[in-house]
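Student: Sharing input.txt, compact mmCIF, C-alpha atoms and all ligand atoms:
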# COMPACT_ATOMS: atom_id res chain seq x y z
CA MET A 8 -1.22 -48.32 14.00
CA SER A 9 -1.12 -50.41 10.89
CA GLN A 10 -2.44 -48.81 7.74
CA ARG A 11 -4.57 -51.79 6.75
CA LYS A 12 -7.76 -51.13 4.87
CA ILE A 13 -10.76 -50.44 7.07
CA CYS A 14 -14.09 -51.64 5.79
CA TYR A 15 -16.38 -49.58 8.00
CA LEU A 16 -19.87 -51.05 8.25
CA ASP A 17 -20.81 -49.54 11.61
CA ASN A 18 -22.23 -46.14 10.68
CA ASN A 19 -25.00 -46.34 13.30
CA ALA A 20 -22.27 -46.28 15.98
CA THR A 21 -20.55 -43.21 14.59
CA THR A 22 -19.54 -41.73 11.25
CA ARG A 23 -16.41 -40.28 9.75
CA VAL A 24 -16.08 -36.49 9.98
CA ALA A 25 -16.66 -35.15 6.45
CA PRO A 26 -13.65 -33.20 5.11
CA GLU A 27 -15.99 -30.29 4.36
CA VAL A 28 -17.06 -30.25 8.02
CA LEU A 29 -13.48 -30.23 9.30
CA GLU A 30 -12.60 -27.42 6.92
CA ALA A 31 -15.50 -25.30 8.17
CA MET A 32 -14.48 -25.91 11.79
CA LEU A 33 -10.76 -25.19 11.60
CA PRO A 34 -10.87 -21.36 11.63
CA PHE A 35 -12.79 -21.55 14.92
CA LEU A 36 -9.98 -23.59 16.48
CA THR A 37 -7.31 -21.20 15.22
CA GLU A 38 -7.98 -17.52 14.53
CA ARG A 39 -11.62 -17.12 15.50
CA TRP A 40 -11.51 -18.22 19.11
CA GLY A 41 -13.49 -15.40 20.72
CA ASN A 42 -16.24 -16.02 23.28
CA PRO A 43 -19.64 -15.40 21.68
CA SER A 44 -20.87 -13.84 24.94
CA SER A 45 -18.25 -11.08 24.78
CA ALA A 46 -19.47 -7.60 23.82
CA TYR A 47 -16.65 -6.67 21.41
CA ALA A 48 -16.59 -7.46 17.70
CA PHE A 49 -14.16 -10.39 18.11
CA GLY A 50 -16.91 -12.16 20.08
CA ASN A 51 -19.86 -10.85 18.07
CA GLU A 52 -18.44 -12.21 14.86
CA VAL A 53 -18.47 -15.66 16.41
CA THR A 54 -22.08 -15.19 17.55
CA LYS A 55 -23.07 -14.46 13.96
CA GLN A 56 -21.49 -17.71 12.82
CA ILE A 57 -23.23 -19.68 15.57
CA GLU A 58 -26.53 -18.20 14.46
CA ALA A 59 -25.76 -19.13 10.86
CA ALA A 60 -25.13 -22.71 12.01
CA ARG A 61 -28.38 -22.63 13.99
CA ALA A 62 -30.24 -21.58 10.84
CA LYS A 63 -28.72 -24.54 8.94
CA ALA A 64 -29.61 -26.94 11.76
CA GLY A 65 -33.14 -25.50 11.79
CA ALA A 66 -33.42 -25.96 8.04
CA LEU A 67 -32.40 -29.62 8.37
CA ILE A 68 -35.43 -30.33 10.56
CA ASN A 69 -37.75 -27.55 9.25
CA ALA A 70 -37.65 -25.70 12.58
CA ASP A 71 -37.32 -22.03 13.33
CA PRO A 72 -33.68 -21.44 14.38
CA ARG A 73 -34.93 -20.17 17.76
CA GLU A 74 -36.32 -23.65 18.41
CA VAL A 75 -32.84 -25.20 18.17
CA VAL A 76 -30.83 -25.70 21.39
CA PHE A 77 -27.26 -26.93 20.93
CA THR A 78 -26.26 -29.65 23.42
CA SER A 79 -23.19 -31.82 23.95
CA CYS A 80 -24.67 -35.02 22.51
CA GLY A 81 -27.76 -37.07 21.79
CA THR A 82 -27.71 -38.40 25.34
CA GLU A 83 -27.90 -34.88 26.80
CA SER A 84 -30.71 -33.96 24.39
CA ASN A 85 -32.79 -36.97 25.45
CA ASN A 86 -32.12 -36.45 29.17
CA SER A 87 -32.92 -32.72 28.90
CA ALA A 88 -36.25 -33.23 27.14
CA ILE A 89 -37.58 -35.68 29.72
CA HIS A 90 -36.13 -33.67 32.60
CA SER A 91 -37.77 -30.48 31.35
CA ALA A 92 -41.18 -32.14 30.92
CA LEU A 93 -41.08 -33.36 34.52
CA MET A 94 -39.76 -30.08 35.98
CA THR A 95 -42.35 -27.93 34.21
CA ASN A 96 -45.22 -30.27 35.20
CA PRO A 97 -44.38 -31.10 38.82
CA ALA A 98 -47.76 -32.71 39.45
CA LYS A 99 -47.16 -35.23 36.67
CA ARG A 100 -44.79 -38.00 37.67
CA HIS A 101 -45.21 -40.60 34.92
CA VAL A 102 -43.16 -41.11 31.74
CA VAL A 103 -43.95 -43.40 28.81
CA THR A 104 -41.09 -44.77 26.73
CA THR A 105 -40.28 -48.09 25.04
CA ALA A 106 -38.20 -51.13 25.88
CA VAL A 107 -36.04 -50.65 22.77
CA GLU A 108 -34.77 -47.10 23.33
CA HIS A 109 -31.10 -46.18 23.38
CA SER A 110 -29.52 -46.54 26.82
CA ALA A 111 -29.62 -42.71 26.98
CA ASN A 112 -33.34 -43.11 27.62
CA ILE A 113 -33.50 -46.50 29.32
CA LYS A 114 -30.92 -45.67 31.99
CA PHE A 115 -32.29 -42.18 32.59
CA CYS A 116 -35.80 -43.57 33.05
CA GLU A 117 -34.50 -46.28 35.39
CA LEU A 118 -32.93 -43.53 37.49
CA LEU A 119 -36.25 -41.67 37.49
CA GLN A 120 -37.91 -44.81 38.87
CA LYS A 121 -35.38 -44.87 41.71
CA ARG A 122 -36.29 -41.24 42.41
CA GLY A 123 -39.96 -42.16 42.75
CA TYR A 124 -41.27 -41.43 39.26
CA ALA A 125 -43.39 -43.99 37.42
CA VAL A 126 -42.17 -45.17 34.01
CA THR A 127 -43.91 -47.40 31.47
CA PHE A 128 -41.49 -49.22 29.16
CA LEU A 129 -43.74 -50.24 26.28
CA PRO A 130 -43.01 -53.68 24.85
CA VAL A 131 -42.61 -54.22 21.10
CA GLU A 132 -43.84 -56.91 18.73
CA SER A 133 -41.48 -59.62 17.48
CA ASP A 134 -40.78 -57.54 14.35
CA GLY A 135 -39.78 -54.58 16.52
CA SER A 136 -42.94 -52.56 15.88
CA LEU A 137 -45.06 -50.76 18.49
CA ASP A 138 -48.71 -51.39 19.27
CA LEU A 139 -50.13 -47.85 19.16
CA HIS A 140 -53.35 -48.88 20.87
CA ARG A 141 -51.25 -50.06 23.79
CA LEU A 142 -49.29 -46.81 23.74
CA GLU A 143 -52.51 -44.82 23.90
CA LYS A 144 -53.80 -46.88 26.81
CA SER A 145 -50.54 -46.39 28.72
CA ILE A 146 -51.04 -42.61 28.90
CA ARG A 147 -52.43 -41.63 32.30
CA PRO A 148 -53.71 -38.37 33.77
CA ASP A 149 -50.31 -37.95 35.46
CA THR A 150 -48.23 -38.65 32.33
CA ALA A 151 -45.85 -35.76 31.66
CA ILE A 152 -44.20 -36.96 28.45
CA VAL A 153 -44.06 -39.79 25.94
CA SER A 154 -40.51 -40.34 24.64
CA VAL A 155 -40.25 -42.73 21.69
CA MET A 156 -37.35 -43.11 19.29
CA TRP A 157 -37.93 -42.57 15.59
CA ALA A 158 -35.60 -45.21 14.18
CA ASN A 159 -33.96 -48.00 16.11
CA ASN A 160 -30.17 -47.98 16.11
CA GLU A 161 -29.90 -51.78 16.17
CA THR A 162 -32.57 -52.94 13.74
CA GLY A 163 -33.36 -49.75 11.82
CA VAL A 164 -37.08 -50.28 12.52
CA ILE A 165 -39.00 -47.00 12.22
CA PHE A 166 -41.79 -46.00 14.59
CA PRO A 167 -44.75 -43.90 13.31
CA VAL A 168 -43.79 -40.77 15.26
CA GLU A 169 -46.36 -38.59 13.51
CA GLU A 170 -49.21 -40.83 14.72
CA ILE A 171 -47.66 -41.09 18.17
CA ALA A 172 -47.42 -37.29 18.49
CA ALA A 173 -51.08 -37.00 17.46
CA ILE A 174 -52.09 -39.49 20.16
CA CYS A 175 -50.04 -37.56 22.76
CA HIS A 176 -51.61 -34.25 21.85
CA SER A 177 -55.14 -35.63 21.89
CA LYS A 178 -54.36 -36.47 25.53
CA GLY A 179 -52.57 -33.23 26.35
CA VAL A 180 -49.20 -34.92 26.87
CA LEU A 181 -45.80 -33.74 25.60
CA CYS A 182 -44.09 -35.85 22.92
CA HIS A 183 -40.33 -36.29 22.45
CA THR A 184 -38.58 -38.31 19.79
CA ASP A 185 -34.98 -39.50 19.75
CA ALA A 186 -34.31 -38.92 16.04
CA VAL A 187 -30.56 -39.51 16.30
CA GLN A 188 -30.65 -42.35 13.76
CA ALA A 189 -32.99 -40.48 11.43
CA ALA A 190 -30.60 -37.68 10.53
CA GLY A 191 -29.08 -38.23 7.11
CA LYS A 192 -31.40 -41.17 6.49
CA LEU A 193 -34.95 -39.82 6.70
CA LYS A 194 -36.40 -36.45 5.79
CA ILE A 195 -37.03 -34.67 9.09
CA ASP A 196 -39.85 -32.15 9.32
CA VAL A 197 -40.75 -31.24 12.89
CA ARG A 198 -43.87 -29.41 11.70
CA SER A 199 -45.41 -32.44 10.03
CA LEU A 200 -44.16 -34.76 12.80
CA GLY A 201 -45.87 -32.57 15.38
CA VAL A 202 -43.48 -33.41 18.23
CA ASP A 203 -42.61 -31.00 21.05
CA PHE A 204 -38.99 -32.16 21.41
CA LEU A 205 -36.60 -33.91 19.02
CA SER A 206 -32.99 -35.02 19.62
CA LEU A 207 -30.13 -35.23 17.15
CA SER A 208 -26.46 -36.12 17.55
CA ALA A 209 -24.04 -34.74 14.99
CA HIS A 210 -21.51 -37.59 15.05
CA LYS A 211 -24.15 -39.79 13.44
CA PHE A 212 -24.16 -37.51 10.41
CA HIS A 213 -20.50 -36.71 9.75
CA ALA A 214 -19.71 -34.00 12.30
CA PRO A 215 -17.53 -34.75 15.35
CA LYS A 216 -18.59 -36.55 18.51
CA GLY A 217 -19.66 -34.30 21.36
CA ILE A 218 -22.24 -32.03 19.76
CA GLY A 219 -25.98 -32.46 19.38
CA LEU A 220 -29.17 -30.51 19.42
CA LEU A 221 -32.56 -30.50 21.01
CA TYR A 222 -35.50 -29.09 19.10
CA VAL A 223 -37.88 -27.38 21.52
CA LYS A 224 -41.15 -26.39 19.89
CA ARG A 225 -42.00 -22.73 20.20
CA ARG A 226 -43.98 -21.81 23.33
CA THR A 227 -43.11 -25.12 25.04
CA ARG A 228 -42.21 -24.42 28.65
CA PHE A 229 -38.60 -25.41 29.26
CA GLN A 230 -36.38 -25.99 32.27
CA PRO A 231 -32.68 -26.23 31.44
CA TYR A 232 -30.74 -29.34 32.43
CA LEU A 233 -27.43 -27.46 32.71
CA ILE A 234 -27.83 -24.38 34.87
CA GLY A 235 -25.49 -21.45 34.31
CA GLY A 236 -25.16 -18.53 31.95
CA HIS A 237 -27.72 -17.17 29.53
CA GLN A 238 -26.47 -19.15 26.54
CA GLU A 239 -28.97 -20.78 24.16
CA ARG A 240 -31.70 -18.33 25.23
CA ASP A 241 -31.46 -19.52 28.81
CA ARG A 242 -32.09 -23.12 27.80
CA ARG A 243 -28.56 -24.47 28.33
CA GLY A 244 -25.84 -22.92 30.44
CA GLY A 245 -22.22 -23.27 29.38
CA THR A 246 -20.01 -21.49 26.86
CA GLU A 247 -20.92 -22.68 23.38
CA ASN A 248 -18.78 -25.38 21.77
CA VAL A 249 -18.18 -23.03 18.86
CA PRO A 250 -16.11 -25.14 16.42
CA TYR A 251 -18.40 -28.14 16.87
CA ILE A 252 -21.55 -26.08 16.43
CA ILE A 253 -20.07 -24.75 13.18
CA GLY A 254 -19.31 -28.37 12.20
CA LEU A 255 -22.88 -29.45 12.97
CA GLY A 256 -24.20 -26.64 10.77
CA ARG A 257 -21.99 -27.63 7.85
CA ALA A 258 -22.91 -31.31 8.28
CA ALA A 259 -26.62 -30.37 8.25
CA GLU A 260 -26.06 -28.55 4.97
CA LEU A 261 -24.34 -31.59 3.45
CA VAL A 262 -27.20 -33.86 4.48
CA MET A 263 -29.70 -31.62 2.73
CA GLU A 264 -27.60 -31.58 -0.45
CA HIS A 265 -27.12 -35.34 -0.63
CA LEU A 266 -30.02 -37.01 1.22
CA ASP A 267 -32.12 -38.28 -1.66
CA GLY A 268 -29.36 -39.53 -3.93
CA GLU A 269 -27.34 -41.11 -1.15
CA ASN A 270 -30.31 -42.91 0.36
CA THR A 271 -31.17 -44.56 -2.94
CA ARG A 272 -27.56 -45.66 -3.40
CA ILE A 273 -27.10 -46.85 0.20
CA ARG A 274 -30.42 -48.73 0.20
CA ALA A 275 -29.33 -50.65 -2.89
CA LEU A 276 -26.00 -51.55 -1.24
CA ARG A 277 -27.74 -52.62 1.98
CA ASP A 278 -30.26 -54.74 0.10
CA ARG A 279 -27.51 -56.45 -1.87
CA LEU A 280 -25.55 -57.15 1.32
CA GLU A 281 -28.59 -58.47 3.17
CA ASN A 282 -29.99 -60.58 0.35
CA ALA A 283 -26.62 -62.15 -0.34
CA ILE A 284 -26.13 -63.11 3.32
CA LEU A 285 -29.66 -64.47 3.71
CA THR A 286 -29.53 -66.50 0.52
CA THR A 287 -25.96 -67.78 0.54
CA ILE A 288 -25.26 -68.41 4.25
CA PRO A 289 -27.47 -71.11 5.78
CA GLY A 290 -29.05 -70.45 9.18
CA THR A 291 -29.36 -66.69 8.83
CA ASN A 292 -32.37 -64.44 9.48
CA ARG A 293 -33.09 -60.73 9.47
CA ASN A 294 -34.06 -59.22 12.83
CA GLY A 295 -36.96 -56.79 12.72
CA ALA A 296 -39.43 -55.76 10.07
CA LYS A 297 -38.16 -55.39 6.52
CA GLU A 298 -40.14 -52.14 6.26
CA PRO A 299 -40.55 -49.46 7.45
CA ARG A 300 -36.84 -49.50 8.16
CA LEU A 301 -33.80 -47.24 7.77
CA PRO A 302 -32.23 -47.69 4.33
CA ASN A 303 -28.75 -48.35 5.73
CA THR A 304 -29.26 -50.90 8.52
CA SER A 305 -29.31 -54.69 8.53
CA SER A 306 -29.42 -56.80 11.68
CA ILE A 307 -28.73 -60.45 10.96
CA ALA A 308 -29.04 -63.46 13.27
CA LEU A 309 -26.44 -66.16 12.64
CA ASP A 310 -27.69 -69.47 14.04
CA SER A 311 -25.55 -71.24 16.63
CA LEU A 312 -22.86 -68.55 16.68
CA GLU A 313 -21.71 -65.89 19.11
CA ALA A 314 -21.64 -62.46 17.49
CA GLU A 315 -18.53 -61.52 19.48
CA ALA A 316 -16.57 -64.34 17.81
CA VAL A 317 -17.76 -63.32 14.35
CA LEU A 318 -16.89 -59.67 15.02
CA MET A 319 -13.42 -60.64 16.23
CA LEU A 320 -12.66 -62.49 13.00
CA LEU A 321 -14.18 -59.74 10.89
CA ASP A 322 -11.96 -57.27 12.76
CA GLN A 323 -8.90 -59.33 11.80
CA VAL A 324 -9.62 -58.57 8.15
CA GLY A 325 -10.42 -54.91 8.86
CA ILE A 326 -14.21 -55.10 8.84
CA CYS A 327 -16.01 -53.02 11.50
CA ALA A 328 -19.51 -54.15 12.43
CA SER A 329 -21.32 -54.43 15.73
CA SER A 330 -23.39 -56.71 17.90
CA GLY A 331 -25.82 -54.00 18.89
CA SER A 332 -25.42 -50.74 20.68
CA ALA A 333 -21.84 -49.64 21.24
CA CYS A 334 -22.64 -49.32 24.92
CA THR A 335 -23.16 -53.05 25.35
CA THR A 336 -20.33 -54.30 23.18
CA GLY A 337 -17.91 -56.42 25.10
CA SER A 338 -20.65 -57.61 27.41
CA LEU A 339 -22.15 -61.04 26.95
CA ASP A 340 -25.59 -59.72 27.82
CA PRO A 341 -27.77 -60.08 24.77
CA SER A 342 -29.00 -56.80 23.27
CA HIS A 343 -32.00 -55.41 25.18
CA VAL A 344 -33.55 -54.46 21.85
CA LEU A 345 -33.47 -58.01 20.48
CA VAL A 346 -34.60 -59.46 23.81
CA ALA A 347 -37.55 -57.02 23.85
CA MET A 348 -38.48 -58.44 20.43
CA ARG A 349 -38.65 -61.80 22.23
CA LEU A 350 -35.84 -63.34 20.22
CA SER A 351 -34.22 -66.15 22.18
CA PRO A 352 -31.10 -65.09 24.12
CA ALA A 353 -29.08 -67.40 21.87
CA ARG A 354 -30.39 -65.74 18.70
CA ALA A 355 -29.83 -62.29 20.21
CA ARG A 356 -26.24 -63.16 21.11
CA GLY A 357 -25.69 -64.46 17.58
CA SER A 358 -26.82 -61.26 15.90
CA VAL A 359 -24.60 -58.86 13.98
CA ARG A 360 -25.54 -55.37 12.79
CA PHE A 361 -24.23 -53.92 9.56
CA SER A 362 -24.87 -50.20 9.00
CA LEU A 363 -23.78 -48.41 5.85
CA GLY A 364 -22.99 -44.78 5.19
CA ILE A 365 -22.14 -42.27 2.50
CA TYR A 366 -18.50 -43.36 2.29
CA ASN A 367 -19.33 -47.02 1.62
CA THR A 368 -19.07 -48.41 -1.90
CA GLY A 369 -19.95 -51.64 -3.65
CA GLU A 370 -16.38 -52.74 -2.95
CA ASP A 371 -17.06 -52.72 0.79
CA VAL A 372 -20.08 -54.97 0.29
CA ASP A 373 -18.03 -57.29 -1.96
CA TYR A 374 -15.28 -57.41 0.66
CA LEU A 375 -17.73 -58.38 3.41
CA LEU A 376 -19.41 -60.99 1.21
CA GLU A 377 -16.00 -62.47 0.45
CA HIS A 378 -15.01 -62.78 4.12
CA LEU A 379 -18.21 -63.44 6.09
CA PRO A 380 -19.22 -66.86 4.66
CA PRO A 381 -15.87 -68.55 5.40
CA ILE A 382 -15.79 -66.99 8.89
CA VAL A 383 -19.25 -68.34 9.66
CA ALA A 384 -18.33 -71.77 8.27
CA LYS A 385 -15.09 -71.86 10.23
CA LEU A 386 -16.72 -70.90 13.54
CA ARG A 387 -19.57 -73.35 13.06
CA ALA A 388 -17.07 -76.10 12.36
CA VAL A 389 -15.18 -75.53 15.62
CA SER A 390 -18.02 -74.47 17.88
CA PRO A 391 -21.36 -76.09 18.59
CA ALA A 392 -22.44 -72.69 19.99
CA GLY A 393 -22.17 -71.45 23.54
CA PRO A 394 -20.13 -68.67 25.09
CA ASP A 395 -17.63 -71.21 26.44
CA GLU A 396 -15.96 -71.02 23.07
CA VAL A 397 -15.77 -67.26 23.07
CA LYS A 398 -13.04 -65.59 25.02
CA VAL A 399 -14.20 -62.26 26.38
CA ALA A 400 -11.85 -62.18 29.31
CA GLY A 401 -12.63 -60.29 32.46
CA ARG A 402 -16.21 -59.38 31.57
CA ASP A 403 -19.07 -60.08 33.85
CA SER A 404 -22.58 -60.58 32.77
CA LYS A 405 -25.97 -61.36 34.21
CA SER A 406 -26.46 -64.02 31.60
CA TRP A 407 -23.61 -65.99 33.15
CA ALA A 408 -25.33 -66.03 36.50
CA ALA A 409 -28.36 -67.60 34.86
CA ARG A 410 -26.21 -70.27 33.27
CA PRO A 411 -24.37 -72.18 35.98
CA ALA A 412 -22.96 -74.77 33.60
CA ARG A 413 -21.38 -72.16 31.41
CA ARG A 414 -20.17 -70.20 34.41
CA GLU A 415 -18.34 -73.32 35.43
CA GLY A 416 -16.72 -73.39 32.02
CA ARG A 417 -15.61 -69.83 32.50
CA LYS A 418 -14.11 -70.57 35.89
CA VAL A 419 -12.08 -73.36 34.38
CA ARG A 420 -10.78 -71.03 31.74
CA LYS A 421 -9.93 -68.39 34.33
CA GLN A 422 -7.98 -70.91 36.37
CA ALA A 423 -6.16 -72.06 33.29
CA ALA A 424 -5.24 -68.49 32.39
C1 LIG B 501 -25.95 -42.71 19.19
C2 LIG B 501 -27.34 -42.61 19.72
C3 LIG B 501 -27.64 -41.83 20.85
C4 LIG B 501 -26.58 -41.15 21.68
O1 LIG B 501 -25.97 -40.09 21.06
P1 LIG B 501 -24.60 -39.54 21.70
O2 LIG B 501 -24.31 -38.30 20.96
O3 LIG B 501 -23.58 -40.61 21.47
O4 LIG B 501 -24.86 -39.30 23.15
C5 LIG B 501 -28.95 -41.74 21.25
N1 LIG B 501 -29.93 -42.37 20.59
C6 LIG B 501 -29.69 -43.12 19.50
C7 LIG B 501 -30.82 -43.79 18.80
C8 LIG B 501 -28.38 -43.28 19.04
O5 LIG B 501 -28.14 -44.05 17.97
Would you mind writing the file's structure down as structure tokens?

Tutor:
Amino acid sequence: MSQRKICYLDNNATTRVAPEVLEAMLPFLTERWGNPSSAYAFGNEVTKQIEAARAKAGALINADPREVVFTSCGTESNNSAIHSALMTNPAKRHVVTTAVEHSANIKFCELLQKRGYAVTFLPVESDGSLDLHRLEKSIRPDTAIVSVMWANNETGVIFPVEEIAAICHSKGVLCHTDAVQAAGKLKIDVRSLGVDFLSLSAHKFHAPKGIGLLYVKRRTRFQPYLIGGHQERDRRGGTENVPYIIGLGRAAELVMEHLDGENTRIRALRDRLENAILTTIPGTNRNGAKEPRLPNTSSIALDSLEAEAVLMLLDQVGICASSGSACTTGSLDPSHVLVAMRLSPARARGSVRFSLGIYNTGEDVDYLLEHLPPIVAKLRAVSPAGPDEVKVAGRDSKSWAARPARREGRKVRKQAA
């Protein structure tokens, strides 16, 4: 690998492991490798450290440590919450969620539909916001759970989870929030939010990939998703991922130390980046409401361009950004989030997300602002828009099927290749 400079502006996709987090983890990959379920001291010592990490994770979200269940990722946390609500309320076979959730929710709910459950995917307004009156009306006598994300990973738009939880409880329905994008960016207080379940993923706040947590409010009935041993107070079978749990705990501590100062700094960087793009590059627009929004995220539509082409040229100068959720990158399908906001497919496909983090500096913003305008100008000069100009070889996409003319263009290219 070349050692070129990386200008990482994709912190909603994942974040760098903080050196402090790695340092805390290392002893648990070397000397302290005991199984916490073992009865001897070599195992018990590890249990104590897991419980210390649980206390730190609890403090991050203002939960009692006993309400924290460690999972393998944000996806597992989301799946487990919805699964548990349905299993503990077998007579209730309806789920309410939104059209702009992470695929961890969308795909799980689509599977539930195939298994005979009813799911309402609430639409959003063109600025990405939710109509709470509509949400309230969607709750039925057989609704088991409402699962609504707190902050959107693509646009940064924030939903009023506190109000949503209040609506759910007035109707006797469980409330889950996917708060994966909130950690490190918003102050999380499960007590004032009033939710029954809340998901976090540690790789979004400077711990490694592959560890997350699910907050389960005290006295909430729970059915585990992974069935096995008695770990996590019978709420998740499987030997604990000790080093990663320790890493999550340390990362939670770092967030609490730095949240306020970092957010002010990152918001100023994001605003400078966004304002400069919108004012100096013609044919650009922000996607989603300006506020309430995460302080680090900016989703920008670039008229008559394909985001994939822009990202390819940014990559050539070491800039990492994204065209939406990591799970759809490489596909020519427009982002389901932007489509749900009723942006045109062309505008959705021309949208790029920049997301900043604690390791970004003003230099990163300067570097982007130096390279983006000429890239946009260059691409606009050679391409009057349309995916025909963008080579994403070997990918298939529903949007092609709906565009016979362009599909023809692709065939020609394939034959030529
Ligand atoms: C990243 C992300 C997830 C998935 O978390 P994983 O740990 O990667 O499974 C879920 N929801 C949102 C909003 C995310 O940004």

Student: Please identify all polymer residues within 10 Å of stretch 68-74 of chain A, counting only C-alpha atoms, omitting same-chain residues fewer than 6 positions from it, and present them as a list in words.

Tutor: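 The residues satisfying every condition are Glu58, Ala59, Ala60, Arg61, Ala62, Ala190, Lys194, Ile195, Asp196, Val197, Arg198, Ser199, Phe204, Leu205, Leu207, Leu220, Leu221, Tyr222, Val223, Lys224, Arg225, Arg226, Thr227, Glu239, Arg240, Ala259 and Met263 of chain A.
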
Student: Would you pick out the contacts of stretch 275-289 of chain A at 7 Å or less, using all atoms listed in the file, so that residues sharing its chain but fewer than 3 positions from it are not included, and give the list as a list of chain:residue names?

Tutor: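 The contact residues come out as A:Thr271, A:Arg272, A:Asn292, A:Asn303, A:Thr304, A:Ser305, A:Leu363, A:Gly369, A:Val372, A:Pro380.
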
Student: Go ahead and save the picked residues with C-alpha atoms, as a compact mmCIF listing (two decimals), in the coordinates of the input.

Tutor:
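Output contents, as saved in result-v2.txt:
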# COMPACT_ATOMS: atom_id res chain seq x y z
CA THR A 271 -31.17 -44.56 -2.94
CA ARG A 272 -27.56 -45.66 -3.40
CA ASN A 292 -32.37 -64.44 9.48
CA ASN A 303 -28.75 -48.35 5.73
CA THR A 304 -29.26 -50.90 8.52
CA SER A 305 -29.31 -54.69 8.53
CA LEU A 363 -23.78 -48.41 5.85
CA GLY A 369 -19.95 -51.64 -3.65
CA VAL A 372 -20.08 -54.97 0.29
CA PRO A 380 -19.22 -66.86 4.66

Student: Could the residues of chain A that have an atom at most 9 Å from ligand LIG 501 (chain B) be listed as CSV, each with its closest atom pair and the distance in Å to one decimal, counting all atoms listed in the file and ordered by chain and ascending residue number?

Tutor:
residue,atom,partner,partner_atom,distance
A:Asn19,CA,B:LIG501,O5,6.1
A:Ala20,CA,B:LIG501,C1,6.0
A:Thr21,CA,B:LIG501,C1,7.1
A:Ser79,CA,B:LIG501,O2,7.2
A:Cys80,CA,B:LIG501,O2,3.6
A:Gly81,CA,B:LIG501,O1,3.6
A:Thr82,CA,B:LIG501,O4,3.7
A:Glu83,CA,B:LIG501,O4,6.5
A:Ser84,CA,B:LIG501,O4,8.0
A:Asn85,CA,B:LIG501,C5,7.4
A:Glu108,CA,B:LIG501,C7,6.9
A:His109,CA,B:LIG501,N1,4.9
A:Ser110,CA,B:LIG501,C5,7.4
A:Ala111,CA,B:LIG501,C5,5.9
A:Asn112,CA,B:LIG501,N1,7.8
A:Met156,CA,B:LIG501,C7,6.6
A:Trp157,CA,B:LIG501,C7,7.9
A:Ala158,CA,B:LIG501,C7,6.8
A:Asn159,CA,B:LIG501,C7,5.9
A:Asn160,CA,B:LIG501,O5,4.8
A:Glu161,CA,B:LIG501,O5,8.1
A:Asp185,CA,B:LIG501,N1,5.9
A:Ala186,CA,B:LIG501,C7,6.6
A:Val187,CA,B:LIG501,C6,4.9
A:Gln188,CA,B:LIG501,O5,5.2
A:Ala189,CA,B:LIG501,C7,8.4
A:Ser206,CA,B:LIG501,C5,8.0
A:Leu207,CA,B:LIG501,O1,7.5
A:Ser208,CA,B:LIG501,O2,4.6
A:Ala209,CA,B:LIG501,O2,7.0
A:His210,CA,B:LIG501,O2,6.6
A:Lys211,CA,B:LIG501,C1,6.7
A:Lys216,CA,B:LIG501,O2,6.5
A:Gly217,CA,B:LIG501,O2,6.1
A:Ile218,CA,B:LIG501,O2,6.7
A:Gly219,CA,B:LIG501,O2,6.3
A:Ser332,CA,B:LIG501,O5,7.7
A:Ala333,CA,B:LIG501,C1,8.3

Student: Name all residues at most 9 Å from A:Leu139 (count all atoms listed in the file; drop same-chain ones fewer than 5 positions away) and give them as number ranges by chain.

Tutor: A: 144, 167, 170-171, 174

Student: Could you state the separation of atom CA of A:Cys14 and atom CA of A:Asn367 in Å, given to one decimal place?

Tutor: 8.1 Å

Student: Identify the residues around (-18.8, -51.2, 10.7) within a radius of 7 Å, measuring from all atoms listed in the file in the coordinates stated by the file, and give them as a ChimeraX atom specification.

Tutor: /A:14-18,326-329,361-362

Student: With C-alpha atoms retained, export the selected residues as a compact mmCIF listing (two decimals), keeping the file's coordinate frame.

Tutor:
# COMPACT_ATOMS: atom_id res chain seq x y z
CA CYS A 14 -14.09 -51.64 5.79
CA TYR A 15 -16.38 -49.58 8.00
CA LEU A 16 -19.87 -51.05 8.25
CA ASP A 17 -20.81 -49.54 11.61
CA ASN A 18 -22.23 -46.14 10.68
CA ILE A 326 -14.21 -55.10 8.84
CA CYS A 327 -16.01 -53.02 11.50
CA ALA A 328 -19.51 -54.15 12.43
CA SER A 329 -21.32 -54.43 15.73
CA PHE A 361 -24.23 -53.92 9.56
CA SER A 362 -24.87 -50.20 9.00

Student: So which one's closest to A:Lys297, A:Leu309, A:Leu320, A:Val75, A:Thr162? Using all atoms listed in the file, please.

Tutor: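 Of A:Leu309, A:Leu320, A:Val75, A:Thr162, the one nearest A:Lys297, counting all atoms listed in the file, is A:Thr162.
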
Student: Counting only C-alpha atoms, find residues at most 9 Å from (-45.5, -39.6, 32.9) (file frame) and give them as a PyMOL selection string.

Tutor: chain A and resi 92-93+99-103+124-127+146-153+180

Student: Please compute the atom CA of A:Pro34-atom CA of A:Leu266 distance, one decimal, in Å.

Tutor: 26.8 Å
